[in-house]
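Novice: My questions all concern the structure below.
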Amino acid sequence: QIPDVVYKLRSLQTLFARFNKISTVSPMIKNLTSLTTLSLRENKIKLLPDTIGELVSLSALDVAHNHLQCLPPGIGNCRQLITLDVQHNELVELPQTIGNLTLLKRLGIKYNRIEVVPDEICHCTELEEFNIEQNSVDMLPESLVTHFSKCSSLQLDRNKFQEFPPGPSNQFVDLAAFSMEHNKVKIVPLGVFCDATKLSKVHLKDNLISSLPHDFGLWVHIIELDLASNQLTKLPDDVKNLTRLEILILSNNMIKVLPKGVGSLSRLAHLDMEGNRLESLPAELGYLTSLTKLSVQSNRLTVLPRGLGHLINLKHFSAGENNLTQLPEEIGTLESLEELYLNDNPCLQMLPFELALCRKLSLMSIDGCPLGAMPPQVVDSGPSGIIMYLRTQGPYRGMIF
């Protein structure tokens, strides 16, 4: 418990009682009317007294990582609150009086059991981010996001959403980041991001999305797009319009063809197509000279395009678990390559001597590759021995050392 003497310190402005074993907070907390900062983080508190509402000077309240099942209605009387952190508790609801906290900028409510977000929260117009990750919410109040004009980040991950938040097409106009991962969303609404000119990050990983809207080509402001672990069978040709993209993650879908337009994404640094159904890669992939990481692991590839050799900034290349029969000689021009994953290509019999020209190559995975055209003792020596063999026995040995 908080010692009784503490409740007599009427001039106390800051109270830190974090990382203890406090289980109860006395109603006498109301005496600390000068308190501006109260932190009870990492304790065992199950209930806050309603008298906490008499702390009218309180601007920061941190009761994260406790066992709270509810917040007292009196919390709405703490109208000077700017920061309220109740994440990692057992809250099943928020009081309607939370709408009284009109100065609130930071509200931490992730990792609780909240099922319904009260309509009154729309009055918290000063919020700078809204994060309800890991709750049980399946719908937001109508047009809620439009009230958060100062909110730059909306995170709805790990809830029970089946559709996007209801509201006008311009409701995300002030956002810089939108995340709705690990839900059950099936459809991305038409026009949902077209007016969001500040939006640079969109994360929709692990949903049930089977197609992208017809206006996908208008998402031109996005820099980072994660659509991994959905049910996509096609990437629209209009991806060529998303020329600001630097990160594109499409792993674990059912995409059969990578459109030629992907070659227009000149800023792309990370492309992840792992776990799809690709049988070939377009030659235009060679135009992506900004790529530093490329993964086409776990597809149905039999060959790689010669244009791969133009990816002079590529550091990490993963092409394991395919049906590759050979690597293009042009791989030797990948002067930045550090990591190469070729594991589990059952038809790969030989590695090109040009691989010896990749001077920065330090990690190579070849497990599950027969490499029958190479000397058995070299293959048995493992990746490091193979690299050494290519460098010392091939036609390029004089260029290496």
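FYI, nothing fancy with the structure tokens labels: chains A, B, ... in order, residues from 1 per chain, ligands from 1 as they appear.
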Determine, counting only C-alpha atoms, which protein, DNA and RNA residues have an atom within 9 Å of an atom of A:Val257; residues of the same chain fewer than 2 positions away are not included. Present the result as a list in words.

Specialist: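 Listed by chain and then number, they are Thr233, Lys234, Leu235, Ile255, Pro259, Arg277, Leu278, Glu279, Ser280, Leu281 and Pro282 of chain A.
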
Novice: Using DSSP on the backbone, list every residue of stretch 65-102 of chain A that comes out as helix (DSSP H, G or I), and give them as a PyMOL selection string.

Specialist: chain A and resi 73-77+96-100

Novice: Quick one: residues within 8 Å of A:Leu327, only C-alpha atoms, excluding same-chain residues fewer than 6 positions away - as a tab-separated table (two decimals) with C-alpha atoms, in the first residue's frame?

Specialist:
```
chain	number	residue	atom	x	y	z
A	303	VAL	CA	15.17	-19.06	-63.25
A	304	LEU	CA	16.12	-15.55	-62.20
A	351	LEU	CA	26.87	-22.05	-58.64
A	352	PRO	CA	28.43	-19.66	-61.17
```

Novice: Please identify all polymer residues within 9 Å of stretch 74-80 of chain A, counting only C-alpha atoms, omitting same-chain residues fewer than 2 positions from it, and present them as a list in words.

Specialist: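 Listed by chain and then number, they are Thr36, Pro49, Asp50, Thr51, Ile52, Gly53, Glu54, Leu55, Val56, Ser57, Leu58, Ser59, Ala60, Leu71, Pro72, Ile82, Pro95, Gln96, Thr97, Ile98, Gly99, Asn100, Leu101, Thr102, Leu103 and Leu104 of chain A.
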
Novice: So which one's closest to A:Phe19, A:Glu133, A:Asp62, A:Glu274, A:Glu93? Using only C-alpha atoms, please.

Specialist: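 Among A:Glu133, A:Asp62, A:Glu274, A:Glu93, it is A:Asp62 that comes nearest to A:Phe19.
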
Novice: Choose the residue, out of A:Leu314, A:Met273, A:Gly309, A:Asn345, that has the smallest atom-to-atom separation from A:Gly332; count only C-alpha atoms.

Specialist: A:Gly309

Novice: Quick one: residues within 10 Å of A:His67, only C-alpha atoms, excluding same-chain residues fewer than 2 positions away - as a count of residues only?

Specialist: 18
